[in-house]
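The data block below is start-v4.tsv; it holds TSV, C-alpha atoms.
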chain	number	residue	atom	x	y	z
A	1	MET	CA	-12.77	16.85	130.91
A	2	THR	CA	-9.35	16.45	129.30
A	3	ILE	CA	-7.82	19.33	127.37
A	4	VAL	CA	-5.29	18.56	124.63
A	5	PHE	CA	-2.79	21.32	123.89
A	6	SER	CA	-0.92	21.18	120.59
A	7	HIS	CA	0.12	23.41	117.70
A	8	PRO	CA	0.99	23.03	114.00
A	9	GLY	CA	4.28	24.75	114.75
A	10	CYS	CA	5.50	21.53	116.34
A	11	LEU	CA	5.62	20.05	112.84
A	12	GLY	CA	8.21	22.64	111.77
A	13	HIS	CA	11.08	21.16	113.78
A	14	ASN	CA	13.10	18.92	111.46
A	15	MET	CA	16.38	17.25	112.40
A	16	GLY	CA	17.11	15.74	109.02
A	17	GLU	CA	16.35	12.79	106.80
A	18	GLY	CA	16.12	9.50	108.68
A	19	HIS	CA	16.09	11.03	112.17
A	20	PRO	CA	13.74	9.09	114.47
A	21	GLU	CA	12.39	12.26	116.15
A	22	ARG	CA	10.54	13.37	113.05
A	23	PRO	CA	7.45	15.44	112.23
A	24	ALA	CA	5.50	12.28	111.38
A	25	ARG	CA	5.34	11.58	115.11
A	26	MET	CA	2.83	14.42	115.44
A	27	ASP	CA	0.68	12.84	112.73
A	28	ALA	CA	0.79	9.52	114.60
A	29	VAL	CA	-0.35	11.21	117.82
A	30	GLU	CA	-3.11	13.01	115.95
A	31	GLN	CA	-4.38	9.69	114.62
A	32	ALA	CA	-4.69	8.52	118.22
A	33	LEU	CA	-6.59	11.63	119.26
A	34	GLN	CA	-8.97	11.31	116.32
A	35	ARG	CA	-9.96	7.74	117.10
A	36	GLU	CA	-13.66	7.02	117.20
A	37	GLY	CA	-14.98	7.31	120.72
A	38	LEU	CA	-12.11	9.51	121.88
A	39	ALA	CA	-12.06	12.62	119.70
A	40	GLY	CA	-15.51	13.81	120.77
A	41	ARG	CA	-14.57	13.69	124.44
A	42	LEU	CA	-11.50	15.93	124.16
A	43	VAL	CA	-11.28	19.71	124.27
A	44	ARG	CA	-8.66	20.86	121.76
A	45	ARG	CA	-6.62	24.04	122.13
A	46	ASP	CA	-3.72	25.60	120.25
A	47	ALA	CA	-0.65	25.96	122.42
A	48	GLU	CA	0.52	29.48	122.99
A	49	ARG	CA	4.16	30.37	122.44
A	50	ALA	CA	6.06	30.43	125.73
A	51	ALA	CA	7.77	33.71	126.51
A	52	LEU	CA	11.53	33.51	126.84
A	53	ASP	CA	11.33	34.56	130.48
A	54	CYS	CA	9.17	31.47	131.05
A	55	ILE	CA	11.94	29.32	129.55
A	56	GLY	CA	14.25	31.22	131.89
A	57	LEU	CA	12.58	29.69	134.91
A	58	MET	CA	14.77	26.62	134.31
A	59	HIS	CA	17.37	27.67	131.72
A	60	PRO	CA	19.87	30.55	132.13
A	61	GLN	CA	19.69	33.49	129.75
A	62	LYS	CA	23.09	32.67	128.25
A	63	TYR	CA	21.83	29.26	127.17
A	64	ILE	CA	18.57	30.66	125.78
A	65	ASP	CA	20.51	33.28	123.80
A	66	GLN	CA	22.78	30.54	122.47
A	67	ILE	CA	19.81	28.51	121.21
A	68	VAL	CA	18.12	31.53	119.63
A	69	ALA	CA	21.34	32.54	117.88
A	70	SER	CA	21.92	28.99	116.61
A	71	VAL	CA	18.63	28.64	114.74
A	72	PRO	CA	19.52	28.59	111.03
A	73	SER	CA	17.69	30.51	108.33
A	74	SER	CA	17.95	27.38	106.20
A	75	GLY	CA	19.33	23.90	106.57
A	76	ILE	CA	20.29	22.37	109.92
A	77	THR	CA	22.55	23.39	112.82
A	78	ARG	CA	23.86	20.49	114.89
A	79	LEU	CA	23.88	20.96	118.69
A	80	ASP	CA	25.23	17.50	119.50
A	81	ALA	CA	25.51	14.10	117.83
A	82	ASP	CA	21.74	13.61	117.63
A	83	THR	CA	20.15	17.00	118.36
A	84	CYS	CA	19.73	19.61	115.64
A	85	LEU	CA	17.99	22.89	114.92
A	86	SER	CA	16.12	23.74	111.74
A	87	PRO	CA	14.45	27.07	110.91
A	88	GLY	CA	11.25	25.95	112.65
A	89	SER	CA	12.83	24.46	115.75
A	90	LEU	CA	12.61	27.47	118.06
A	91	GLU	CA	8.93	27.93	117.28
A	92	ALA	CA	8.27	24.25	117.98
A	93	ALA	CA	10.18	24.28	121.27
A	94	LEU	CA	8.43	27.44	122.45
A	95	ARG	CA	5.03	25.99	121.54
A	96	ALA	CA	5.88	22.81	123.45
A	97	ALA	CA	6.78	24.76	126.57
A	98	GLY	CA	3.79	27.03	126.05
A	99	ALA	CA	1.48	24.02	125.87
A	100	ALA	CA	2.74	22.73	129.21
A	101	CYS	CA	2.38	26.11	130.89
A	102	SER	CA	-1.12	26.60	129.48
A	103	ALA	CA	-1.99	23.13	130.77
A	104	VAL	CA	-0.79	24.19	134.22
A	105	ASP	CA	-3.08	27.23	134.05
A	106	ALA	CA	-6.03	25.07	133.05
A	107	VAL	CA	-5.72	22.43	135.76
A	108	VAL	CA	-4.60	24.69	138.61
A	109	LEU	CA	-7.45	27.11	137.95
A	110	GLY	CA	-9.93	24.22	137.86
A	111	GLU	CA	-10.88	24.43	134.20
A	112	SER	CA	-9.96	20.78	133.73
A	113	LYS	CA	-8.76	17.99	135.99
A	114	ASN	CA	-6.10	16.86	133.55
A	115	ALA	CA	-4.45	17.71	130.25
A	116	PHE	CA	-2.28	16.15	127.56
A	117	CYS	CA	0.37	18.12	125.66
A	118	ALA	CA	0.75	16.65	122.16
A	119	VAL	CA	3.98	18.43	121.32
A	120	ARG	CA	7.52	18.02	120.08
A	121	PRO	CA	10.47	18.29	120.45
A	122	PRO	CA	10.64	16.24	123.65
A	123	GLY	CA	12.34	17.85	126.62
A	124	HIS	CA	13.44	15.57	129.45
A	125	HIS	CA	17.08	15.20	128.36
A	126	ALA	CA	17.70	18.96	128.17
A	127	GLU	CA	19.85	20.01	131.11
A	128	THR	CA	20.14	23.50	132.53
A	129	SER	CA	22.68	24.62	129.94
A	130	GLN	CA	22.86	21.70	127.51
A	131	ALA	CA	20.64	20.51	124.67
A	132	MET	CA	20.90	16.76	124.16
A	133	GLY	CA	19.01	13.61	123.30
A	134	PHE	CA	16.64	15.27	120.78
A	135	CYS	CA	15.71	17.88	123.47
A	136	ILE	CA	16.19	21.66	123.41
A	137	PHE	CA	14.24	23.06	126.37
A	138	ASN	CA	13.09	20.91	129.30
A	139	THR	CA	9.33	21.27	128.85
A	140	VAL	CA	8.16	19.35	131.91
A	141	ALA	CA	10.65	21.05	134.24
A	142	ILE	CA	9.61	24.46	132.93
A	143	ALA	CA	5.99	23.53	133.64
A	144	ALA	CA	6.91	22.58	137.22
A	145	ALA	CA	8.72	25.88	137.77
A	146	TYR	CA	5.85	27.81	136.18
A	147	ALA	CA	3.29	26.15	138.47
A	148	ARG	CA	5.29	27.28	141.48
A	149	GLN	CA	6.15	30.77	140.25
A	150	ARG	CA	2.81	31.71	138.67
A	151	HIS	CA	0.35	29.83	140.87
A	152	GLY	CA	2.20	29.26	144.13
A	153	VAL	CA	1.99	25.47	143.89
A	154	GLY	CA	4.11	24.08	146.69
A	155	ARG	CA	5.27	20.58	145.76
A	156	VAL	CA	5.47	19.31	142.18
A	157	ALA	CA	6.26	15.75	141.11
A	158	VAL	CA	7.29	14.44	137.71
A	159	ILE	CA	6.92	10.76	136.85
A	160	ASP	CA	8.80	9.69	133.73
A	161	PHE	CA	8.15	6.33	132.05
A	162	ASP	CA	10.12	7.03	128.87
A	163	VAL	CA	12.56	4.22	128.08
A	164	HIS	CA	15.46	6.70	128.35
A	165	HIS	CA	16.27	8.25	131.71
A	166	GLY	CA	15.26	11.90	132.08
A	167	ASN	CA	18.70	13.15	133.06
A	168	GLY	CA	17.80	16.79	132.45
A	169	THR	CA	14.79	16.76	134.76
A	170	GLN	CA	16.81	14.94	137.39
A	171	GLU	CA	19.61	17.50	137.17
A	172	MET	CA	17.19	20.42	137.51
A	173	PHE	CA	15.31	18.86	140.45
A	174	TRP	CA	18.33	17.46	142.31
A	175	SER	CA	18.75	20.17	144.93
A	176	ASP	CA	15.13	21.26	145.50
A	177	GLN	CA	13.23	19.46	148.26
A	178	ASN	CA	9.89	20.62	146.81
A	179	LEU	CA	10.47	18.91	143.46
A	180	PHE	CA	10.25	15.13	143.03
A	181	PHE	CA	11.41	13.04	140.08
A	182	GLY	CA	10.56	9.36	139.67
A	183	SER	CA	11.66	7.35	136.65
A	184	THR	CA	11.45	3.89	135.13
A	185	HIS	CA	13.84	3.39	132.22
A	186	GLN	CA	16.10	0.86	130.56
A	187	MET	CA	19.67	0.70	131.84
A	188	PRO	CA	22.31	0.52	130.50
A	189	LEU	CA	21.09	2.81	127.73
A	190	TYR	CA	21.42	6.43	126.68
A	191	PRO	CA	22.10	8.79	128.45
A	192	GLY	CA	23.84	6.54	131.01
A	193	THR	CA	22.27	8.09	134.11
A	194	GLY	CA	19.46	6.81	136.34
A	195	SER	CA	20.96	4.32	138.76
A	196	LYS	CA	19.18	3.57	142.03
A	197	SER	CA	21.95	5.33	143.93
A	198	GLU	CA	21.08	8.70	142.34
A	199	ARG	CA	18.67	10.04	144.97
A	200	GLY	CA	18.98	13.83	145.04
A	201	GLU	CA	19.99	16.03	147.96
A	202	PHE	CA	16.69	15.46	149.76
A	203	ASP	CA	15.88	11.89	148.70
A	204	ASN	CA	13.62	13.54	146.14
A	205	ILE	CA	14.86	11.42	143.20
A	206	VAL	CA	13.64	7.83	142.77
A	207	ASN	CA	15.10	5.81	139.92
A	208	CYS	CA	14.01	2.28	139.09
A	209	PRO	CA	16.08	1.01	136.15
A	210	LEU	CA	14.92	-1.97	134.11
A	211	ILE	CA	17.04	-4.21	131.89
A	212	ALA	CA	16.66	-5.06	128.23
A	213	GLY	CA	13.98	-7.68	127.78
A	214	ASP	CA	11.90	-6.58	130.77
A	215	GLY	CA	8.20	-6.22	130.09
A	216	SER	CA	4.86	-5.75	131.77
A	217	SER	CA	5.58	-7.69	134.96
A	218	GLU	CA	8.86	-5.96	135.77
A	219	PHE	CA	7.51	-2.53	134.83
A	220	ARG	CA	4.38	-2.87	136.96
A	221	THR	CA	6.40	-4.15	139.91
A	222	ALA	CA	8.72	-1.13	139.61
A	223	ILE	CA	5.78	1.26	139.59
A	224	LEU	CA	3.95	-0.41	142.49
A	225	ASP	CA	6.94	-1.18	144.72
A	226	VAL	CA	9.26	1.76	144.07
A	227	ILE	CA	7.78	4.72	142.18
A	228	LEU	CA	4.35	5.01	143.81
A	229	PRO	CA	5.62	4.65	147.40
A	230	GLY	CA	8.14	7.42	146.76
A	231	LEU	CA	5.48	9.58	145.20
A	232	GLU	CA	3.06	9.03	148.08
A	233	THR	CA	5.75	9.87	150.63
A	234	PHE	CA	6.41	13.13	148.77
A	235	GLN	CA	2.67	14.03	148.66
A	236	PRO	CA	2.65	16.32	145.60
A	237	ASP	CA	0.32	19.25	145.06
A	238	LEU	CA	0.59	18.80	141.29
A	239	LEU	CA	1.54	15.72	139.25
A	240	LEU	CA	3.30	15.97	135.88
A	241	VAL	CA	4.05	13.05	133.58
A	242	SER	CA	6.88	12.75	131.08
A	243	ALA	CA	4.96	10.41	128.79
A	244	GLY	CA	7.44	8.63	126.58
A	245	PHE	CA	6.16	5.60	124.69
A	246	ASP	CA	9.49	4.16	123.50
A	247	ALA	CA	9.47	1.35	126.07
A	248	HIS	CA	6.90	-0.28	123.76
A	249	MET	CA	7.94	-3.68	122.47
A	250	ASN	CA	7.92	-2.44	118.86
A	251	ASP	CA	10.04	0.67	119.41
A	252	PRO	CA	13.34	0.58	117.49
A	253	LEU	CA	15.50	2.58	119.92
A	254	ALA	CA	15.48	0.33	122.98
A	255	GLY	CA	14.73	-3.13	124.31
A	256	LEU	CA	11.84	-3.10	126.76
A	257	ASN	CA	8.63	-4.94	125.98
A	258	LEU	CA	5.70	-2.84	127.17
A	259	ARG	CA	2.32	-3.04	125.45
A	260	ASP	CA	-0.52	-0.59	125.01
A	261	ASN	CA	-2.34	-1.86	128.08
A	262	ASP	CA	0.73	-1.15	130.24
A	263	TYR	CA	0.40	2.54	129.36
A	264	ALA	CA	-3.30	2.45	130.22
A	265	TRP	CA	-2.47	0.74	133.51
A	266	VAL	CA	0.27	3.16	134.61
A	267	THR	CA	-1.87	6.14	133.67
A	268	LYS	CA	-4.66	4.83	135.86
A	269	GLN	CA	-2.24	4.31	138.75
A	270	LEU	CA	-0.97	7.88	138.47
A	271	LEU	CA	-4.50	9.26	138.24
A	272	GLU	CA	-5.35	7.50	141.49
A	273	VAL	CA	-2.39	9.17	143.20
A	274	ALA	CA	-3.49	12.50	141.72
A	275	ASP	CA	-6.98	11.98	143.13
A	276	LYS	CA	-5.47	11.32	146.55
A	277	PHE	CA	-3.06	14.25	146.76
A	278	THR	CA	-3.62	16.84	144.01
A	279	ASN	CA	-7.41	16.99	143.64
A	280	GLY	CA	-6.95	15.05	140.40
A	281	ARG	CA	-4.61	17.61	138.84
A	282	LEU	CA	-2.36	15.81	136.35
A	283	ILE	CA	-0.61	17.04	133.21
A	284	SER	CA	0.99	14.69	130.70
A	285	THR	CA	3.55	15.82	128.13
A	286	LEU	CA	4.75	13.76	125.18
A	287	GLU	CA	8.38	12.66	125.27
A	288	GLY	CA	9.65	9.72	123.16
A	289	GLY	CA	8.05	7.04	121.02
A	290	TYR	CA	9.50	6.31	117.59
A	291	ASP	CA	7.54	3.43	116.06
A	292	LEU	CA	4.61	5.33	114.57
A	293	LEU	CA	2.00	2.59	114.88
A	294	ALA	CA	3.02	1.85	118.46
A	295	LEU	CA	2.99	5.56	119.24
A	296	THR	CA	-0.57	5.91	117.95
A	297	SER	CA	-1.92	2.96	119.91
A	298	SER	CA	0.01	3.82	123.10
A	299	VAL	CA	-1.11	7.45	123.12
A	300	ALA	CA	-4.70	6.34	122.54
A	301	SER	CA	-4.50	4.03	125.57
A	302	HIS	CA	-2.96	6.77	127.70
A	303	VAL	CA	-5.40	9.52	126.75
A	304	GLU	CA	-8.41	7.20	127.08
A	305	GLU	CA	-7.58	6.84	130.78
A	306	LEU	CA	-7.23	10.61	131.15
A	307	VAL	CA	-10.66	11.12	129.63
A	308	GLN	CA	-12.26	8.56	131.91
A	309	ALA	CA	-10.80	10.09	135.09
Written as structure tokens, how would this file's structure read?
Amino acid sequence: MTIVFSHPGCLGHNMGEGHPERPARMDAVEQALQREGLAGRLVRRDAERAALDCIGLMHPQKYIDQIVASVPSSGITRLDADTCLSPGSLEAALRAAGAACSAVDAVVLGESKNAFCAVRPPGHHAETSQAMGFCIFNTVAIAAAYARQRHGVGRVAVIDFDVHHGNGTQEMFWSDQNLFFGSTHQMPLYPGTGSKSERGEFDNIVNCPLIAGDGSSEFRTAILDVILPGLETFQPDLLLVSAGFDAHMNDPLAGLNLRDNDYAWVTKQLLEVADKFTNGRLISTLEGGYDLLALTSSVASHVEELVQA
């Protein structure tokens, strides 16, 4: 059984006309989840709102207070060149984090083997004290910390196949030997991090950058030869996925050439690792993906594999 956590509040985050991280992304994901043959096999749940002390597992109180105080009553507040807050942004970000934490509860307590968090804003660029790259709170990192603090999970891994490097997750995991971060991404590209030499204090960071024009062959080689061996050496107790779909060939923000079946393939590979080490426990959280048609088809391919696990 796969549980999908989402909430209408995620539609309320609006960063302005023409911004690629727009509410219509949620509609595109919903179209994927409503596809014939898939919708009836999913359990749907509204995401709860994460408490601020849950956000505080990875972000300091000063930063949280700054975000709360910056939410406008109308219009838009700009946090950096491409990250903004609207009146509904805090609610959306708290629902996103709440979805991930509820998913942790569900899989750790054995209610479901896996879960998908259909939420926005994305989170993997948010650093400890810095919103950036469309991200406010680091959803997947908060979920990792919550699994350890609430459920006593020992070792948590995050695999990130978004086209942009998850600098925030890397920064938060860098000095903790019980947290693992593995990433494929295009380089050079925003945010400029993610070289192979960035390995963390305990060799707990594995980066496998790809170059513009790379497609299925290069991506699959990176997963098989670099990411999975690192993950298997780490032997996680829980596997989290930063599921960004902007490495798709039709995405406007980058230059990789993945197709829908690449997302099905990598999901299956990660599920096999989860079966081996985590009793199948895997949680996927939406990150990027900005071509709406490609987002719909990619999410459908990803979630189909979760359902079949």
Task: Counting all atoms listed in the file, the option among A:Glu127, A:Glu304, A:Asp46, A:Asp82 closest to Ser102 of chain A - done: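 So, comparing all the options, the nearest one is A:Asp46.
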Open item on the list: For a quick check of understanding, using only C-alpha atoms, which of A:Thr184, A:Arg155, A:Ala144, A:Leu240 has the smallest distance to Asp225 of chain A?
Closed with: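 Selected residue with least distance to Asp225 of chain A: A:Thr184.
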Open item on the list: I'd like the contact shell of segment 18-24 of chain A - 10 Å cut-off, all atoms listed in the file, skipping same-chain residues fewer than 4 positions apart - returned as number ranges by chain.
Closed with: A: 10-14, 28-30, 82-84, 120-122, 133-135, 252-253, 287-292
For C-alpha atoms, I'd like the residues from the last selection saved as an mmCIF file, in the coordinates of the input.
data_model
loop_
_atom_site.group_PDB
_atom_site.id
_atom_site.type_symbol
_atom_site.label_atom_id
_atom_site.label_comp_id
_atom_site.auth_asym_id
_atom_site.auth_seq_id
_atom_site.Cartn_x
_atom_site.Cartn_y
_atom_site.Cartn_z
ATOM 1 C CA CYS A 10 5.500 21.530 116.340
ATOM 2 C CA LEU A 11 5.620 20.050 112.840
ATOM 3 C CA GLY A 12 8.210 22.640 111.770
ATOM 4 C CA HIS A 13 11.080 21.160 113.780
ATOM 5 C CA ASN A 14 13.100 18.920 111.460
ATOM 6 C CA ALA A 28 0.790 9.520 114.600
ATOM 7 C CA VAL A 29 -0.350 11.210 117.820
ATOM 8 C CA GLU A 30 -3.110 13.010 115.950
ATOM 9 C CA ASP A 82 21.740 13.610 117.630
ATOM 10 C CA THR A 83 20.150 17.000 118.360
ATOM 11 C CA CYS A 84 19.730 19.610 115.640
ATOM 12 C CA ARG A 120 7.520 18.020 120.080
ATOM 13 C CA PRO A 121 10.470 18.290 120.450
ATOM 14 C CA PRO A 122 10.640 16.240 123.650
ATOM 15 C CA GLY A 133 19.010 13.610 123.300
ATOM 16 C CA PHE A 134 16.640 15.270 120.780
ATOM 17 C CA CYS A 135 15.710 17.880 123.470
ATOM 18 C CA PRO A 252 13.340 0.580 117.490
ATOM 19 C CA LEU A 253 15.500 2.580 119.920
ATOM 20 C CA GLU A 287 8.380 12.660 125.270
ATOM 21 C CA GLY A 288 9.650 9.720 123.160
ATOM 22 C CA GLY A 289 8.050 7.040 121.020
ATOM 23 C CA TYR A 290 9.500 6.310 117.590
ATOM 24 C CA ASP A 291 7.540 3.430 116.060
ATOM 25 C CA LEU A 292 4.610 5.330 114.570
#
Around the point (19.3, 21.9, 112.4) (coordinates from the file), which residues reach within 10 Å if we count only C-alpha atoms? Answer as a PDB file with C-alpha atoms, in the coordinates of the input.
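Saved the output as part.pdb:
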ATOM      1  CA  HIS A  13      11.080  21.160 113.780  1.00  0.00           C
ATOM      2  CA  ASN A  14      13.100  18.920 111.460  1.00  0.00           C
ATOM      3  CA  MET A  15      16.380  17.250 112.400  1.00  0.00           C
ATOM      4  CA  GLY A  16      17.110  15.740 109.020  1.00  0.00           C
ATOM      5  CA  SER A  70      21.920  28.990 116.610  1.00  0.00           C
ATOM      6  CA  VAL A  71      18.630  28.640 114.740  1.00  0.00           C
ATOM      7  CA  PRO A  72      19.520  28.590 111.030  1.00  0.00           C
ATOM      8  CA  SER A  73      17.690  30.510 108.330  1.00  0.00           C
ATOM      9  CA  SER A  74      17.950  27.380 106.200  1.00  0.00           C
ATOM     10  CA  GLY A  75      19.330  23.900 106.570  1.00  0.00           C
ATOM     11  CA  ILE A  76      20.290  22.370 109.920  1.00  0.00           C
ATOM     12  CA  THR A  77      22.550  23.390 112.820  1.00  0.00           C
ATOM     13  CA  ARG A  78      23.860  20.490 114.890  1.00  0.00           C
ATOM     14  CA  LEU A  79      23.880  20.960 118.690  1.00  0.00           C
ATOM     15  CA  THR A  83      20.150  17.000 118.360  1.00  0.00           C
ATOM     16  CA  CYS A  84      19.730  19.610 115.640  1.00  0.00           C
ATOM     17  CA  LEU A  85      17.990  22.890 114.920  1.00  0.00           C
ATOM     18  CA  SER A  86      16.120  23.740 111.740  1.00  0.00           C
ATOM     19  CA  PRO A  87      14.450  27.070 110.910  1.00  0.00           C
ATOM     20  CA  GLY A  88      11.250  25.950 112.650  1.00  0.00           C
ATOM     21  CA  SER A  89      12.830  24.460 115.750  1.00  0.00           C
TER      22      SER A  89
END
Draw an axis-aligned box tight on the listed atoms of segment 269-277 of chain A, then pad every side by 5 Å and write out centre and edge lengths in Å to one decimal as JSON.
{"center_x": -4.0, "center_y": 9.3, "center_z": 142.5, "size_x": 16.0, "size_y": 19.9, "size_z": 18.5}
Listing only residues of segment 47-141 of chain A within 12 Å of segment 159-174 of chain A, what is the closest atom pair and its distance in Å (to one decimal) for each, using all atoms listed in the file, sorted by chain and residue number ascending, as a tab-separated table?
residue	atom	partner	partner_atom	distance
A:Leu57	CA	A:Met172	CA	10.7
A:Met58	CA	A:Met172	CA	7.4
A:His59	CA	A:Met172	CA	9.3
A:Pro60	CA	A:Met172	CA	11.8
A:Pro122	CA	A:Gly166	CA	10.5
A:Gly123	CA	A:Gly168	CA	8.1
A:His124	CA	A:Gly166	CA	4.9
A:His125	CA	A:Gly168	CA	4.4
A:Ala126	CA	A:Gly168	CA	4.8
A:Glu127	CA	A:Gly168	CA	4.0
A:Thr128	CA	A:Met172	CA	6.6
A:Ser129	CA	A:Gly168	CA	9.6
A:Gln130	CA	A:Gly168	CA	8.6
A:Ala131	CA	A:Gly168	CA	9.1
A:Met132	CA	A:Gly168	CA	8.9
A:Gly133	CA	A:His164	CA	9.3
A:Phe134	CA	A:His164	CA	11.5
A:Cys135	CA	A:Gly168	CA	9.3
A:Ile136	CA	A:Gly168	CA	10.4
A:Phe137	CA	A:Gly168	CA	9.4
A:Asn138	CA	A:Gly168	CA	7.0
A:Thr139	CA	A:Thr169	CA	9.2
A:Val140	CA	A:Thr169	CA	7.7
A:Ala141	CA	A:Thr169	CA	6.0
Open item on the list: List as a list in words the protein and nucleic acid residues near Gly213 of chain A, meaning an atom at most 7 Å away when all atoms listed in the file are counted, but skip any in the same chain fewer than 2 places from it.
Closed with: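 The neighbour list is Ile211, Gly215, Gly255, Leu256 and Asn257 of chain A.
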Open item on the list: Report, in Å with one decimal, the straight-line distance from atom CA of Leu94 of chain A to atom CA of Thr278 of chain A.
Closed with: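 Taking atom CA of Leu94 of chain A and atom CA of Thr278 of chain A, their separation equals 26.9 Å.
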TODO: Work out how far atom CA of Val108 of chain A is from atom CA of Ile283 of chain A, in Å to one decimal.
DONE: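 Atom CA of Val108 of chain A lies at a distance of 10.2 Å from atom CA of Ile283 of chain A.
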Task: Interatomic distance (Å, one decimal) between atom CA of Phe277 of chain A and atom CA of Ile142 of chain A - done: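 Atom-to-atom, atom CA of Phe277 of chain A to atom CA of Ile142 of chain A, that is 21.4 Å.
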TODO: Give the answer as one residue: which of A:Gly154, A:Glu305, A:Gly244, A:Leu109 has the shortest atom-to-atom distance to Gln269 of chain A, using all atoms listed in the file?
DONE: A:Glu305
- [ ] Using all atoms listed in the file, determine which residues lie at most 9 Å from Phe219 of chain A, disregarding the query and same-chain residues fewer than 2 positions distant; provide the list as a PyMOL selection string.
- [x] chain A and resi 184+210+214-217+221-224+258+262
Selected residues written out, C-alpha atoms, as a short mmCIF file (atom, residue, chain, number, x, y, z; two decimals), in the coordinates of the input:
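Writing done, so here's result38.cif:
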data_model
loop_
_atom_site.label_atom_id
_atom_site.label_comp_id
_atom_site.auth_asym_id
_atom_site.auth_seq_id
_atom_site.Cartn_x
_atom_site.Cartn_y
_atom_site.Cartn_z
CA THR A 184 11.45 3.89 135.13
CA LEU A 210 14.92 -1.97 134.11
CA ASP A 214 11.90 -6.58 130.77
CA GLY A 215 8.20 -6.22 130.09
CA SER A 216 4.86 -5.75 131.77
CA SER A 217 5.58 -7.69 134.96
CA THR A 221 6.40 -4.15 139.91
CA ALA A 222 8.72 -1.13 139.61
CA ILE A 223 5.78 1.26 139.59
CA LEU A 224 3.95 -0.41 142.49
CA LEU A 258 5.70 -2.84 127.17
CA ASP A 262 0.73 -1.15 130.24
#
Please list as a short mmCIF file (atom, residue, chain, number, x, y, z; two decimals) with C-alpha atoms, in the coordinates of the input every residue within 7 Å of segment 194-205 of chain A, counting all atoms listed in the file and excluding residues in the same chain fewer than 4 positions away.
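Contents of result-v9.cif, freshly written:
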data_model
loop_
_atom_site.label_atom_id
_atom_site.label_comp_id
_atom_site.auth_asym_id
_atom_site.auth_seq_id
_atom_site.Cartn_x
_atom_site.Cartn_y
_atom_site.Cartn_z
CA HIS A 165 16.27 8.25 131.71
CA TRP A 174 18.33 17.46 142.31
CA SER A 175 18.75 20.17 144.93
CA GLN A 177 13.23 19.46 148.26
CA LEU A 179 10.47 18.91 143.46
CA PHE A 180 10.25 15.13 143.03
CA PHE A 181 11.41 13.04 140.08
CA GLY A 182 10.56 9.36 139.67
CA PRO A 209 16.08 1.01 136.15
#
TODO: Tell me which protein, DNA and RNA residues are within 12 Å of Glu111 of chain A, counting all atoms listed in the file, leaving out same-chain ones fewer than 2 positions away, and put them as a list in words.
DONE: Met1, Thr2, Ile3, Val43, Ser102, Ala103, Val104, Asp105, Ala106, Val107, Val108, Leu109, Lys113, Asn114, Ala115, Gly280 and Arg281 of chain A
- [ ] Counting all atoms listed in the file, figure out which residue out of A:Ala254, A:Leu282, A:Val206, A:Ile64 gets nearest to Pro236 of chain A.
- [x]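 For Pro236 of chain A, the nearest of the given residues is A:Leu282.
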Open item on the list: Using all atoms listed in the file for the distances, tell me which of A:Gln61, A:Gln235, A:Ser298, A:Gln34 is nearest to Ala274 of chain A.
Closed with: A:Gln235
Task: Nearest to Tyr146 of chain A, chosen from A:Cys208, A:Cys54, A:Val226, A:Tyr263, with only C-alpha atoms counted in the distances - done: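 So, comparing all the options, the nearest one is A:Cys54.
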